[in-house]
Each structure stands twice: as C-alpha cells, then as structure tokens.
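What follows is the content of upload-v4.cif, which has mmCIF, C-alpha atoms and all ligand atoms:
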data_model
loop_
_atom_site.label_atom_id
_atom_site.label_comp_id
_atom_site.auth_asym_id
_atom_site.auth_seq_id
_atom_site.Cartn_x
_atom_site.Cartn_y
_atom_site.Cartn_z
CA MET A 109 0.00 0.00 0.00
CA GLU A 110 1.32 3.44 -0.86
CA LYS A 111 2.37 5.93 1.88
CA GLY A 112 -0.84 7.78 2.81
CA LYS A 113 -1.35 11.49 3.32
CA ILE A 114 -2.60 12.81 6.69
CA LEU A 115 -5.35 15.34 7.46
CA LEU A 116 -4.60 17.00 10.82
CA ALA A 117 -7.70 18.44 12.54
CA VAL A 118 -7.04 19.19 16.20
CA THR A 119 -8.77 21.89 18.21
CA ALA A 120 -8.06 22.71 21.88
CA PHE A 121 -4.54 21.33 21.36
CA HIS A 122 -1.95 23.47 19.55
CA PRO A 123 -1.62 21.85 16.10
CA GLN A 124 1.90 23.20 15.30
CA ARG A 125 3.96 20.58 17.14
CA TRP A 126 1.75 17.70 15.88
CA HIS A 127 2.08 19.09 12.37
CA GLN A 128 5.85 19.44 12.57
CA LEU A 129 6.39 15.90 13.86
CA LEU A 130 3.95 14.21 11.47
CA ALA A 131 5.22 16.23 8.49
CA ALA A 132 8.78 15.02 9.15
CA GLU A 133 7.65 11.60 7.84
CA ARG A 134 4.53 12.13 5.72
CA GLU A 135 2.63 14.71 3.73
CA VAL A 136 0.23 16.54 6.08
CA VAL A 137 -2.72 18.78 5.27
CA LEU A 138 -3.90 21.06 8.06
CA GLU A 139 -7.67 21.52 8.40
CA PRO A 140 -9.58 23.56 7.02
CA ALA A 141 -7.66 22.54 3.88
CA GLY A 142 -8.14 18.93 2.85
CA ALA A 143 -11.94 18.60 2.93
CA ASN A 144 -13.01 16.21 0.11
CA ASP A 145 -9.36 15.48 -0.78
CA PRO A 146 -9.28 11.97 -2.34
CA THR A 147 -5.58 11.60 -1.58
CA ILE A 148 -6.02 11.70 2.21
CA ALA A 149 -5.59 8.30 3.84
CA TYR A 150 -5.50 9.11 7.59
CA ALA A 151 -7.15 11.69 9.83
CA VAL A 152 -5.45 12.70 13.09
CA VAL A 153 -8.12 14.42 15.14
CA TRP A 154 -9.21 16.04 18.38
CA LYS A 155 -12.71 17.56 18.44
CA HIS A 156 -12.78 17.92 14.65
CA LYS A 157 -15.64 19.76 12.91
CA PRO A 158 -18.79 17.63 12.36
CA ASN A 159 -18.96 15.98 8.91
CA LEU A 160 -15.36 16.95 8.11
CA LEU A 161 -14.37 13.32 7.49
CA SER A 162 -17.44 12.21 5.51
CA GLY A 163 -16.07 13.86 2.34
CA LEU A 164 -12.81 11.88 2.31
CA PRO A 165 -13.45 8.98 -0.11
CA ASN A 166 -10.17 7.14 0.52
CA LEU A 167 -9.83 7.52 4.28
CA ARG A 168 -8.23 4.39 5.76
CA ALA A 169 -8.25 5.14 9.52
CA ILE A 170 -8.87 7.84 12.12
CA PHE A 171 -6.33 8.46 14.89
CA SER A 172 -7.45 10.18 18.11
CA VAL A 173 -4.75 12.29 19.74
CA GLY A 174 -6.26 11.33 23.12
CA ALA A 175 -7.29 8.20 24.98
CA GLY A 176 -10.94 9.30 24.95
CA VAL A 177 -12.86 9.07 21.68
CA ASP A 178 -16.19 10.66 22.65
CA HIS A 179 -15.06 13.67 20.59
CA ILE A 180 -14.98 11.42 17.51
CA PHE A 181 -18.38 9.84 18.10
CA ALA A 182 -19.83 13.35 18.42
CA ASP A 183 -19.51 13.58 14.60
CA PRO A 184 -22.87 12.62 12.97
CA GLY A 185 -21.08 12.00 9.65
CA LEU A 186 -18.43 9.64 10.98
CA PRO A 187 -17.15 7.36 8.20
CA ASP A 188 -17.01 3.62 8.82
CA VAL A 189 -13.23 3.22 9.07
CA PRO A 190 -11.11 1.92 11.98
CA ILE A 191 -10.57 4.34 14.89
CA VAL A 192 -7.29 4.17 16.80
CA ARG A 193 -7.06 5.61 20.34
CA VAL A 194 -4.05 6.51 22.45
CA VAL A 195 -2.58 3.93 24.78
CA ALA A 196 0.84 5.20 25.84
CA ASP A 197 3.10 4.80 28.86
CA ASN A 198 3.65 8.53 28.98
CA LEU A 199 -0.10 9.33 29.20
CA THR A 200 -0.69 6.52 31.68
CA GLN A 201 2.14 7.81 33.87
CA TYR A 202 0.63 11.31 33.95
CA MET A 203 -2.77 9.95 34.96
CA THR A 204 -1.28 7.68 37.61
CA GLU A 205 0.55 10.68 39.08
CA TYR A 206 -2.66 12.73 39.11
CA VAL A 207 -4.67 9.99 40.83
CA ALA A 208 -1.97 9.24 43.43
CA TRP A 209 -1.54 12.99 44.09
CA ARG A 210 -5.26 13.65 44.59
CA VAL A 211 -5.90 10.51 46.67
CA LEU A 212 -2.95 11.27 48.97
CA ASP A 213 -3.91 14.94 49.30
CA HIS A 214 -7.46 14.05 50.44
CA HIS A 215 -6.20 11.23 52.64
CA ARG A 216 -3.59 13.48 54.33
CA HIS A 217 -6.07 16.38 54.88
CA GLY A 218 -4.43 18.72 52.35
CA MET A 219 -7.55 20.85 51.98
CA LEU A 220 -7.85 21.36 55.74
CA TYR A 221 -4.18 22.33 56.12
CA ARG A 222 -4.37 24.79 53.20
CA ALA A 223 -7.40 26.43 54.86
CA GLN A 224 -5.68 26.49 58.28
CA GLN A 225 -2.40 28.06 57.13
CA PRO A 226 -3.63 31.63 56.38
CA LYS A 227 -5.37 31.59 59.80
CA LYS A 228 -2.16 30.30 61.48
CA THR A 229 -4.18 27.45 62.99
CA TRP A 230 -2.12 24.66 64.60
CA HIS A 231 -4.52 21.71 64.57
CA GLU A 232 -3.81 18.11 63.70
CA PRO A 233 -6.84 16.00 62.76
CA LEU A 234 -6.89 12.25 63.39
CA GLN A 235 -4.76 10.57 60.72
CA ARG A 236 -5.65 7.00 59.77
CA PRO A 237 -3.41 4.62 57.81
CA ALA A 238 -4.01 4.17 54.08
CA GLY A 239 -5.11 0.59 54.71
CA ASP A 240 -8.25 1.90 56.45
CA ILE A 241 -9.35 3.69 53.27
CA SER A 242 -10.92 2.03 50.21
CA VAL A 243 -10.30 3.74 46.90
CA GLY A 244 -12.84 2.66 44.27
CA ILE A 245 -11.87 3.10 40.64
CA MET A 246 -14.75 3.37 38.15
CA GLY A 247 -13.25 2.19 34.89
CA LEU A 248 -10.60 -0.47 35.36
CA GLY A 249 -9.06 -0.02 31.90
CA HIS A 250 -5.55 1.03 30.86
CA LEU A 251 -5.54 4.07 33.14
CA GLY A 252 -7.60 2.59 35.97
CA ARG A 253 -5.43 -0.51 36.33
CA ALA A 254 -2.19 1.49 36.39
CA ALA A 255 -3.60 3.80 39.07
CA ALA A 256 -4.84 0.77 41.04
CA SER A 257 -1.33 -0.75 41.11
CA VAL A 258 0.22 2.39 42.54
CA LEU A 259 -2.55 2.87 45.12
CA LEU A 260 -2.07 -0.75 46.23
CA SER A 261 1.65 -0.15 46.63
CA LEU A 262 0.84 2.90 48.79
CA GLY A 263 -1.17 0.61 51.06
CA PHE A 264 -4.75 1.59 50.16
CA ALA A 265 -7.50 -0.97 49.84
CA VAL A 266 -8.58 -0.81 46.19
CA ASN A 267 -11.90 -1.64 44.49
CA GLY A 268 -12.49 -1.56 40.75
CA TRP A 269 -15.64 -1.42 38.62
CA SER A 270 -15.79 -2.19 34.91
CA ARG A 271 -18.31 -3.22 32.26
CA THR A 272 -16.98 -6.76 32.02
CA GLU A 273 -15.30 -8.67 34.83
CA HIS A 274 -11.51 -8.20 35.05
CA PRO A 275 -9.81 -9.91 37.98
CA MET A 276 -6.77 -8.00 39.27
CA LYS A 277 -4.51 -9.26 42.05
CA GLY A 278 -5.12 -7.38 45.30
CA VAL A 279 -8.14 -5.47 43.93
CA SER A 280 -11.76 -6.23 44.81
CA THR A 281 -13.40 -6.18 41.39
CA TYR A 282 -17.04 -5.55 40.52
CA SER A 283 -18.70 -5.35 37.13
CA GLY A 284 -21.84 -4.33 35.30
CA GLU A 285 -25.03 -2.85 36.72
CA ALA A 286 -25.30 -5.57 39.37
CA GLY A 287 -21.86 -4.74 40.72
CA LEU A 288 -22.27 -0.97 40.91
CA ILE A 289 -24.06 -0.52 44.26
CA PRO A 290 -21.90 -3.09 46.11
CA PHE A 291 -18.81 -1.35 44.64
CA LEU A 292 -19.98 2.09 45.81
CA ASN A 293 -21.02 0.81 49.25
CA ALA A 294 -17.44 -0.44 49.75
CA THR A 295 -15.76 2.78 48.49
CA ASP A 296 -14.56 5.82 50.49
CA ILE A 297 -12.70 7.69 47.75
CA LEU A 298 -14.29 7.35 44.30
CA VAL A 299 -11.93 7.81 41.34
CA VAL A 300 -13.74 8.13 37.99
CA LEU A 301 -11.75 6.99 34.95
CA LEU A 302 -14.61 5.93 32.69
CA PRO A 303 -15.00 6.79 29.01
CA LEU A 304 -17.99 8.95 28.03
CA THR A 305 -20.56 6.77 26.22
CA PRO A 306 -24.37 6.77 26.04
CA GLN A 307 -24.28 4.28 28.97
CA THR A 308 -21.99 6.35 31.22
CA ARG A 309 -23.26 9.89 30.53
CA GLY A 310 -24.45 11.50 33.80
CA ILE A 311 -23.60 8.42 35.85
CA VAL A 312 -21.92 10.47 38.59
CA ASN A 313 -25.10 11.98 39.98
CA TYR A 314 -26.49 12.64 43.45
CA GLY A 315 -28.06 9.18 43.77
CA LEU A 316 -24.74 7.50 42.99
CA LEU A 317 -22.79 9.71 45.42
CA LYS A 318 -25.30 8.82 48.18
CA GLU A 319 -24.23 5.18 47.88
CA LEU A 320 -20.60 5.87 48.83
CA ARG A 321 -19.34 4.71 52.22
CA ARG A 322 -19.05 7.56 54.68
CA ARG A 323 -18.13 5.85 57.94
CA ASN A 324 -14.38 5.98 57.47
CA GLY A 325 -11.20 7.59 58.75
CA LEU A 326 -11.52 10.46 56.26
CA GLY A 327 -14.66 11.83 57.86
CA GLY A 328 -16.66 11.55 54.65
CA ALA A 329 -16.68 10.37 51.05
CA VAL A 330 -14.47 11.93 48.38
CA LEU A 331 -14.95 12.20 44.59
CA ILE A 332 -12.09 12.46 42.09
CA ASN A 333 -13.14 12.72 38.41
CA ALA A 334 -10.49 12.67 35.70
CA GLY A 335 -12.57 10.78 33.12
CA ARG A 336 -14.94 13.14 31.31
CA GLY A 337 -17.03 16.06 32.52
CA ARG A 338 -20.30 14.83 31.09
CA LEU A 339 -20.03 11.67 33.19
CA GLN A 340 -20.97 13.93 36.10
CA LYS A 341 -23.73 16.36 37.01
CA ASP A 342 -21.88 19.44 38.27
CA ALA A 343 -24.96 20.68 40.20
CA ASP A 344 -25.36 17.31 41.96
CA ILE A 345 -21.75 17.49 43.13
CA VAL A 346 -22.31 20.95 44.62
CA ARG A 347 -25.47 19.67 46.34
CA ALA A 348 -23.61 16.60 47.69
CA LEU A 349 -20.77 18.76 49.02
CA ASP A 350 -23.17 21.20 50.64
CA ASP A 351 -25.26 18.59 52.46
CA GLY A 352 -22.29 16.43 53.57
CA THR A 353 -22.91 13.53 51.17
CA LEU A 354 -19.41 14.33 49.92
CA LYS A 355 -16.61 15.62 52.12
CA GLU A 356 -14.42 16.92 49.28
CA ALA A 357 -13.87 16.61 45.53
CA SER A 358 -11.02 16.91 43.04
CA LEU A 359 -12.33 17.63 39.55
CA ASP A 360 -10.24 17.72 36.38
CA VAL A 361 -13.19 17.61 34.00
CA PHE A 362 -16.54 19.43 33.81
CA GLU A 363 -19.86 19.35 31.97
CA VAL A 364 -18.75 22.49 30.11
CA GLU A 365 -15.06 23.20 29.44
CA PRO A 366 -13.43 25.58 30.06
CA LEU A 367 -15.39 25.66 33.34
CA PRO A 368 -17.59 28.80 33.09
CA LYS A 369 -16.51 31.63 35.40
CA THR A 370 -20.04 31.55 36.88
CA SER A 371 -19.69 27.95 38.11
CA PRO A 372 -19.91 27.61 41.91
CA LEU A 373 -17.26 24.88 41.67
CA TRP A 374 -14.51 27.49 41.12
CA SER A 375 -14.86 28.98 44.60
CA HIS A 376 -16.25 26.03 46.53
CA PRO A 377 -14.03 25.52 49.60
CA LYS A 378 -14.27 21.74 49.31
CA VAL A 379 -13.32 21.50 45.62
CA PHE A 380 -9.90 21.27 43.99
CA VAL A 381 -10.10 22.28 40.31
CA THR A 382 -7.61 21.45 37.54
CA PRO A 383 -8.23 22.47 33.88
CA HIS A 384 -8.50 19.03 32.19
CA ALA A 385 -4.80 18.62 32.85
CA ALA A 386 -4.60 15.19 34.48
CA ALA A 387 -2.95 13.52 31.48
CA THR A 388 -2.14 15.72 28.53
CA SER A 389 -1.28 14.19 25.15
CA ASP A 390 2.36 14.89 24.37
CA PRO A 391 3.05 14.83 20.60
CA ALA A 392 6.72 14.00 21.13
CA HIS A 393 5.64 10.69 22.67
CA LEU A 394 2.51 9.99 20.65
CA VAL A 395 3.39 10.93 17.06
CA PRO A 396 6.13 8.27 16.65
CA ALA A 397 3.62 5.59 17.69
CA MET A 398 1.03 6.92 15.21
CA LEU A 399 3.55 6.94 12.37
CA ARG A 400 4.70 3.41 13.26
CA GLN A 401 1.09 2.23 13.12
CA MET A 402 0.55 3.82 9.69
CA ASP A 403 3.73 2.18 8.35
CA ALA A 404 2.71 -1.21 9.76
CA PHE A 405 -0.83 -0.89 8.36
CA GLU A 406 0.61 -0.20 4.90
CA ARG A 407 2.73 -3.37 5.20
CA GLY A 408 -0.53 -5.26 5.77
CA GLU A 409 -0.32 -5.51 9.57
CA LYS A 410 -3.25 -4.93 11.93
CA LEU A 411 -3.85 -1.59 13.64
CA GLU A 412 -3.51 -1.64 17.44
CA ASN A 413 -5.59 0.02 20.15
CA LEU A 414 -8.70 -0.01 18.01
CA VAL A 415 -11.93 1.45 19.36
CA ASP A 416 -14.93 -0.87 19.68
CA ARG A 417 -17.61 1.10 17.82
CA GLU A 418 -20.46 -0.77 19.44
CA ALA A 419 -19.18 -0.19 22.98
CA GLY A 420 -18.29 3.42 22.10
CA TYR A 421 -14.77 3.38 23.58
N1 LIG B 1 -8.56 14.06 32.19
C1 LIG B 1 -7.64 13.68 31.34
O1 LIG B 1 -6.64 14.37 31.15
C2 LIG B 1 -7.78 12.40 30.60
C3 LIG B 1 -8.96 11.69 30.64
N2 LIG B 1 -9.05 10.46 30.02
C4 LIG B 1 -10.30 9.72 30.12
O2 LIG B 1 -10.05 8.45 30.71
C5 LIG B 1 -10.88 7.50 30.06
C6 LIG B 1 -10.38 6.09 30.32
O3 LIG B 1 -9.20 5.83 29.61
P1 LIG B 1 -8.61 4.32 29.51
O4 LIG B 1 -8.42 3.73 30.84
O5 LIG B 1 -7.44 4.41 28.62
O6 LIG B 1 -9.84 3.59 28.78
P2 LIG B 1 -10.08 2.03 28.61
O7 LIG B 1 -10.96 1.88 27.43
O8 LIG B 1 -8.81 1.27 28.68
O9 LIG B 1 -10.91 1.66 29.92
C7 LIG B 1 -12.23 2.05 30.13
C8 LIG B 1 -12.77 1.31 31.34
O10 LIG B 1 -14.12 1.77 31.59
C9 LIG B 1 -14.98 0.63 31.66
N3 LIG B 1 -16.32 0.94 31.18
C10 LIG B 1 -16.70 1.46 29.99
N4 LIG B 1 -18.04 1.56 29.92
C11 LIG B 1 -18.52 1.08 31.09
C12 LIG B 1 -19.82 0.90 31.61
N5 LIG B 1 -20.92 1.23 30.92
N6 LIG B 1 -19.95 0.37 32.85
C13 LIG B 1 -18.85 0.02 33.56
N7 LIG B 1 -17.57 0.17 33.12
C14 LIG B 1 -17.43 0.69 31.90
C15 LIG B 1 -14.33 -0.41 30.76
O11 LIG B 1 -14.83 -1.69 31.07
P3 LIG B 1 -14.24 -3.02 30.35
O12 LIG B 1 -12.87 -3.21 30.98
O13 LIG B 1 -15.18 -4.09 30.72
O14 LIG B 1 -14.16 -2.71 28.89
C16 LIG B 1 -12.85 -0.20 31.12
O15 LIG B 1 -12.55 -0.87 32.32
C17 LIG B 1 -10.85 7.95 28.60
O16 LIG B 1 -11.94 7.44 27.88
C18 LIG B 1 -10.92 9.45 28.74
O17 LIG B 1 -12.26 9.89 28.75
C19 LIG B 1 -7.99 9.92 29.36
C20 LIG B 1 -6.81 10.59 29.29
C21 LIG B 1 -6.62 11.90 29.87
O1 LIG B 2 -6.58 11.62 26.30
C1 LIG B 2 -7.67 12.14 26.59
O2 LIG B 2 -8.75 11.57 26.39
C2 LIG B 2 -7.68 13.47 27.19
O3 LIG B 2 -8.65 13.86 27.76
C3 LIG B 2 -6.45 14.28 27.06
O4 LIG B 2 -6.53 15.49 27.73
#
Here is a file; write its structure as structure tokens.
Ligand SMILES: NC(=O)C1=CN([C@@H]2O[C@H](COP(=O)(O)OP(=O)(O)OC[C@H]3O[C@@H](n4cnc5c(N)ncnc54)[C@H](OP(=O)(O)O)[C@@H]3O)[C@@H](O)[C@H]2O)C=CC1
Ligand SMILES: O=C(O)C(=O)CO
Amino acid sequence: MEKGKILLAVTAFHPQRWHQLLAAEREVVLEPAGANDPTIAYAVVWKHKPNLLSGLPNLRAIFSVGAGVDHIFADPGLPDVPIVRVVADNLTQYMTEYVAWRVLDHHRHGMLYRAQQPKKTWHEPLQRPAGDISVGIMGLGHLGRAAASVLLSLGFAVNGWSRTEHPMKGVSTYSGEAGLIPFLNATDILVVLLPLTPQTRGIVNYGLLKELRRRNGLGGAVLINAGRGRLQKDADIVRALDDGTLKEASLDVFEVEPLPKTSPLWSHPKVFVTPHAAATSDPAHLVPAMLRQMDAFERGEKLENLVDREAGY
C-alpha cells in the first residue's frame, strides 16, 4: 500500500507541534484545507468539525490524539473506518501521578491544612493509615489498572468497577449494573476513569454519590473525576458537598469546558479544580507511535488500540 497522506484536525490542542512531527515523515494537510481530498488516507483528530471526514473517499483510519474518543463519536457523519485511540506509557504515567496525588492529598487532609495556614491554625486531625481507606476506581481499563497498582503499593485498599469482569490481584473487582451498588457501598474515595458513552453519561449523579461509604477515617466520602465532565452532574456534586454527602472533591473535567466563570465549583471551599490537565497528550511521545502504526498498516499488519464502535470506547 502506498504511503498515505494525513489530514490534521485538532482543536483545543496546539496543532503546530503535531504538524511538525507528522510532516517530518509524511505529507500533512492542516484543516480547514483537505476537505473532500481523495488523496487523504488518515485523519489525526481532536474535536474535529462535524462531517469533516465524511467527504474523504479514501480515508483508511482515524487516529485520536487522546485516549478518549467521545469527541470522535460526536460527529454525525463519521465514516465507517477503523478508529485508533491513544494507549501510551507517557499518558498513563501522567494519569497515575494525578490519581496518586489527589488521593494522597485528600487522605492526608491537604484541603484542611491549606485552609488552616492563612489563619495560622495549629490543629492536627486524626490521621488514619491508608489501609483503612478504600479507593474505588470506576473504569478499570488502561488508566484505571495502572492507578490501582500504585494505590495498592501505597497501602490503600482498592476496588475496581468495569463493564466486564476483570480480575486483578489485590483489587476487589465488581462489574456491570449488578456490581455498581456493592462497589460504591465499599468505596470511600471514588476515582472516575470511565469513558464517556451513552451508557456512562451523567452516571456520577447525586443518587450515585449517596451510595458511597461515609463511615471511614476520612470523615466523609471523596470524589475524584479525571474521566470526562459529562459523566458527572456538576450541580449534583455541589449539592452533595453542601449537604455532607461528599466531604471533598477533586475535579479535572466538567460538563462544560473551560469551566464557566459563573460555576460555583470554582470557589467552593471543598473543591480542587484542575483544567482538564490530568494527562495531557504529548506529541513527542505519541506521534512516533502513530507513524509506526501507519507504516505497519501499509505493510498489511493490523492496527492496534482499536476502538470498539459498538461499545463506544
Ligand atoms: N482528564 C484527562 O486528562 C484524561 C482523561 N481520560 C479519560 O479516561 C478514560 C479512560 O481511559 P482508559 O483507561 O485508557 O480507557 P479504557 O478503554 O482502557 O478503559 C475504560 C474502562 O471503563 C470501563 N467501562 C466502559 N463503559 C462502562 C460501563 N458502561 N460500565 C462500567 N464500566 C465501563 C471499561 O470496562 P471493560 O474493561 O469491561 O471494557 C474499562 O474498564 C478515557 O476514555 C478518557 O475519557 C484519558 C486521558 C486523559
Ligand atoms: O486523552 C484524553 O482523552 C484526554 O482527555 C487528554 O486530555
């Protein structure tokens, strides 16, 4: 198969570095050029314009520059070609760092100490060992499993919930609808690392948060969401924080991004906000893998890290 041309259509990321690295090996057309171009074989995308890809008659595959592919399925004119997602040590490492950082900060009363310092308050709350706390990971995939390993090594009890059953040594695993309530009832700190699909949209709502375990050494339940914003109901999180259903939350993702300046989450004393920064896609690490996949595909080999269209992730 002949070396295919690439259409690069990334918004919210700066396209220059992706362009430079891809163009070192292949011909690259930067959107908005390239629509209807019969010579384009691959699309490298992040939140591309709807129907942009439907006019490419010889498109062979779509590459997401992120692990999530909800931005691709948002296109009503999505052509029926293979979709490749990111699975990369570099991205996984970033997410593992984020999860370990946020879990440890809540566990070691970081929010309380940051509030005490300006008041010069010398007060030490009761500190329990990590082993008394259960961290429950919703989404035990590439990112969830890596985070689970590190949390186990830090001494936390770890639960995991996925769509299909995946045993993992040292982790109490739950799956499917039947496993959700038992998983939540055994979880003190909930870490959300799910993909956004029709099945998971809005799953992190008030009713779900009510099911978390609250009788624990933390003094309440904690939510950490680094999956996708539309998995959660922002207003339900505020309500849960205000009535004590949740003690604290760390949120990297929001229903609307950037988080509107009017959102009460910005100034809520129990919320730690990051701007969808848990695991950023680094072109220096990801472009070589994309180019390798294109080369292999043209030699007749199979593409890796393919998205399951039916499952939506
Ligand atoms: N904030 C950030 O910076 C970033 C956020 N992300 C987000 O993290 C998400 C997860 O990434 P990754 O771990 O690589 O994805 P994977 O596809 O490897 O894992 C997804 C996990 O979610 C589970 N899952 C999916 N649907 C359901 C469902 N309906 N019920 C229960 N479990 C379900 C899957 O179950 P099963 O194992 O049975 O398939 C799997 O365990 C991405 O989709 C993206 O949205 C990713 C990177 C950066
Ligand atoms: O990889 C992803 O899905 C991201 O959200 C990157 O920020």
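Selecting all polymer residues at most 8 Å from ligand LIG 2 (chain B), using only C-alpha atoms and all ligand atoms, gives Val173, Gly174, Ala175, Gly176, Val177, Val194, Leu199, Gly335, Arg336, His384, Ala385, Ala386, Ala387, Thr388 and Ser389 of chain A.
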Using only C-alpha atoms and all ligand atoms, find each protein or nucleic acid residue lying at most 7 Å from ligand LIG 1 (chain B); present the set as a ChimeraX atom specification.
-> /A:174-177,195,199,203,246-252,269-274,283-284,301-305,307-308,334-336,360-361,384-388,421
Students should find that CA of Leu292 in chain A and CA of Asn333 in chain A are spaced 14.6 Å
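With all atoms listed in the file as the atoms that count, the minimum distance from Ile114 in chain A to the choices A:Leu316, A:Leu399, A:Tyr221, A:Phe264 is reached by A:Leu399.
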List the spatial neighbours of range 136-147 of chain A as a CSV table (one decimal) with C-alpha atoms, in the coordinates of the input - criterion: any atom at most 6 Å away, only C-alpha atoms, same-chain residues fewer than 2 positions off excluded.
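Okay, result07.csv is ready:
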chain,number,residue,atom,x,y,z
A,113,LYS,CA,-1.4,11.5,3.3
A,114,ILE,CA,-2.6,12.8,6.7
A,115,LEU,CA,-5.4,15.3,7.5
A,116,LEU,CA,-4.6,17.0,10.8
A,117,ALA,CA,-7.7,18.4,12.5
A,131,ALA,CA,5.2,16.2,8.5
A,163,GLY,CA,-16.1,13.9,2.3
A,164,LEU,CA,-12.8,11.9,2.3
A,165,PRO,CA,-13.4,9.0,-0.1
A,166,ASN,CA,-10.2,7.1,0.5
Residues near Ala120 in chain A, anyone? I mean within 8 Å using all atoms listed in the file, not counting same-chain ones fewer than 2 positions away, as an mmCIF file with C-alpha atoms, in the frame of the given file.
data_model
loop_
_atom_site.group_PDB
_atom_site.id
_atom_site.type_symbol
_atom_site.label_atom_id
_atom_site.label_comp_id
_atom_site.auth_asym_id
_atom_site.auth_seq_id
_atom_site.Cartn_x
_atom_site.Cartn_y
_atom_site.Cartn_z
ATOM 1 C CA VAL A 118 -7.040 19.190 16.200
ATOM 2 C CA HIS A 122 -1.950 23.470 19.550
ATOM 3 C CA TRP A 154 -9.210 16.040 18.380
ATOM 4 C CA LYS A 155 -12.710 17.560 18.440
#
Any chance you could tabulate, as a tab-separated table, the residues of range 161-234 of chain A at most 12 Å from range 347-355 of chain A with each one's nearest atom pair and distance in Å to one decimal, using all atoms listed in the file, in chain and rising number order?
residue	atom	partner	partner_atom	distance
A:His214	CA	A:Lys355	CA	9.4
A:His215	CA	A:Lys355	CA	11.3
A:His217	CA	A:Lys355	CA	10.9
A:Met219	CA	A:Lys355	CA	10.5
A:Leu220	CA	A:Lys355	CA	11.1
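Within a radius of 12 Å around (-12.2, 5.3, 59.3), the polymer residues are His215, Leu234, Gln235, Arg236, Pro237, Ala238, Gly239, Asp240, Ile241, Ser242, Thr295, Asp296, Ile297, Arg321, Arg322, Arg323, Asn324, Gly325, Leu326, Gly327, Gly328 and Ala329 of chain A, counting only C-alpha atoms.
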Students should find that CA of Val395 in chain A and CA of Asp178 in chain A are spaced 20.4 Å
Please write as an MDAnalysis selection string the list of polymer residues whose atoms come within 12 Å of (-22.7, 16.2, 41.7), counting all atoms listed in the file and keeping to the coordinates of the file.
-> chainID A and resid 310:318 330:333 337:354 356:359 362:363 372:373 379
If you keep C-alpha atoms, can you produce a file of those selected residues as a PDB file, in the coordinates of the input?
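Contents of result_10.pdb, as written:
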ATOM      1  CA  GLY A 310     -24.450  11.500  33.800  1.00  0.00           C
ATOM      2  CA  ILE A 311     -23.600   8.420  35.850  1.00  0.00           C
ATOM      3  CA  VAL A 312     -21.920  10.470  38.590  1.00  0.00           C
ATOM      4  CA  ASN A 313     -25.100  11.980  39.980  1.00  0.00           C
ATOM      5  CA  TYR A 314     -26.490  12.640  43.450  1.00  0.00           C
ATOM      6  CA  GLY A 315     -28.060   9.180  43.770  1.00  0.00           C
ATOM      7  CA  LEU A 316     -24.740   7.500  42.990  1.00  0.00           C
ATOM      8  CA  LEU A 317     -22.790   9.710  45.420  1.00  0.00           C
ATOM      9  CA  LYS A 318     -25.300   8.820  48.180  1.00  0.00           C
ATOM     10  CA  VAL A 330     -14.470  11.930  48.380  1.00  0.00           C
ATOM     11  CA  LEU A 331     -14.950  12.200  44.590  1.00  0.00           C
ATOM     12  CA  ILE A 332     -12.090  12.460  42.090  1.00  0.00           C
ATOM     13  CA  ASN A 333     -13.140  12.720  38.410  1.00  0.00           C
ATOM     14  CA  GLY A 337     -17.030  16.060  32.520  1.00  0.00           C
ATOM     15  CA  ARG A 338     -20.300  14.830  31.090  1.00  0.00           C
ATOM     16  CA  LEU A 339     -20.030  11.670  33.190  1.00  0.00           C
ATOM     17  CA  GLN A 340     -20.970  13.930  36.100  1.00  0.00           C
ATOM     18  CA  LYS A 341     -23.730  16.360  37.010  1.00  0.00           C
ATOM     19  CA  ASP A 342     -21.880  19.440  38.270  1.00  0.00           C
ATOM     20  CA  ALA A 343     -24.960  20.680  40.200  1.00  0.00           C
ATOM     21  CA  ASP A 344     -25.360  17.310  41.960  1.00  0.00           C
ATOM     22  CA  ILE A 345     -21.750  17.490  43.130  1.00  0.00           C
ATOM     23  CA  VAL A 346     -22.310  20.950  44.620  1.00  0.00           C
ATOM     24  CA  ARG A 347     -25.470  19.670  46.340  1.00  0.00           C
ATOM     25  CA  ALA A 348     -23.610  16.600  47.690  1.00  0.00           C
ATOM     26  CA  LEU A 349     -20.770  18.760  49.020  1.00  0.00           C
ATOM     27  CA  ASP A 350     -23.170  21.200  50.640  1.00  0.00           C
ATOM     28  CA  ASP A 351     -25.260  18.590  52.460  1.00  0.00           C
ATOM     29  CA  GLY A 352     -22.290  16.430  53.570  1.00  0.00           C
ATOM     30  CA  THR A 353     -22.910  13.530  51.170  1.00  0.00           C
ATOM     31  CA  LEU A 354     -19.410  14.330  49.920  1.00  0.00           C
ATOM     32  CA  GLU A 356     -14.420  16.920  49.280  1.00  0.00           C
ATOM     33  CA  ALA A 357     -13.870  16.610  45.530  1.00  0.00           C
ATOM     34  CA  SER A 358     -11.020  16.910  43.040  1.00  0.00           C
ATOM     35  CA  LEU A 359     -12.330  17.630  39.550  1.00  0.00           C
ATOM     36  CA  PHE A 362     -16.540  19.430  33.810  1.00  0.00           C
ATOM     37  CA  GLU A 363     -19.860  19.350  31.970  1.00  0.00           C
ATOM     38  CA  PRO A 372     -19.910  27.610  41.910  1.00  0.00           C
ATOM     39  CA  LEU A 373     -17.260  24.880  41.670  1.00  0.00           C
ATOM     40  CA  VAL A 379     -13.320  21.500  45.620  1.00  0.00           C
TER      41      VAL A 379
END
In Å, with one decimal, what is the gap from CA of Ala182 in chain A to CA of Arg168 in chain A?
-> 19.4 Å
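Between Gln128 in chain A and the candidates A:Glu365, A:Pro391, A:Leu411, A:Gly420, the tightest atom-to-atom separation, counting all atoms listed in the file, involves A:Pro391.
Considering all atoms listed in the file, the residue among A:Arg193, A:Ile180, A:Leu160, A:Tyr150 positioned nearest to Val415 in chain A is A:Arg193.
Remark: for Arg222 in chain A, the closest of the candidate residues A:Leu394, A:Pro123, A:Pro377, A:Ala196 is A:Pro377 (distances computed over all atoms listed in the file).
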With distances taken over all atoms listed in the file, the candidate from A:Gly408, A:Val192, A:Ala392, A:Leu260 nearest Gln124 in chain A is A:Ala392
Which one is closest to Ala294 in chain A: A:Val243, A:Ser261, A:Ile170, A:Ala255? Count all atoms listed in the file.
-> A:Val243
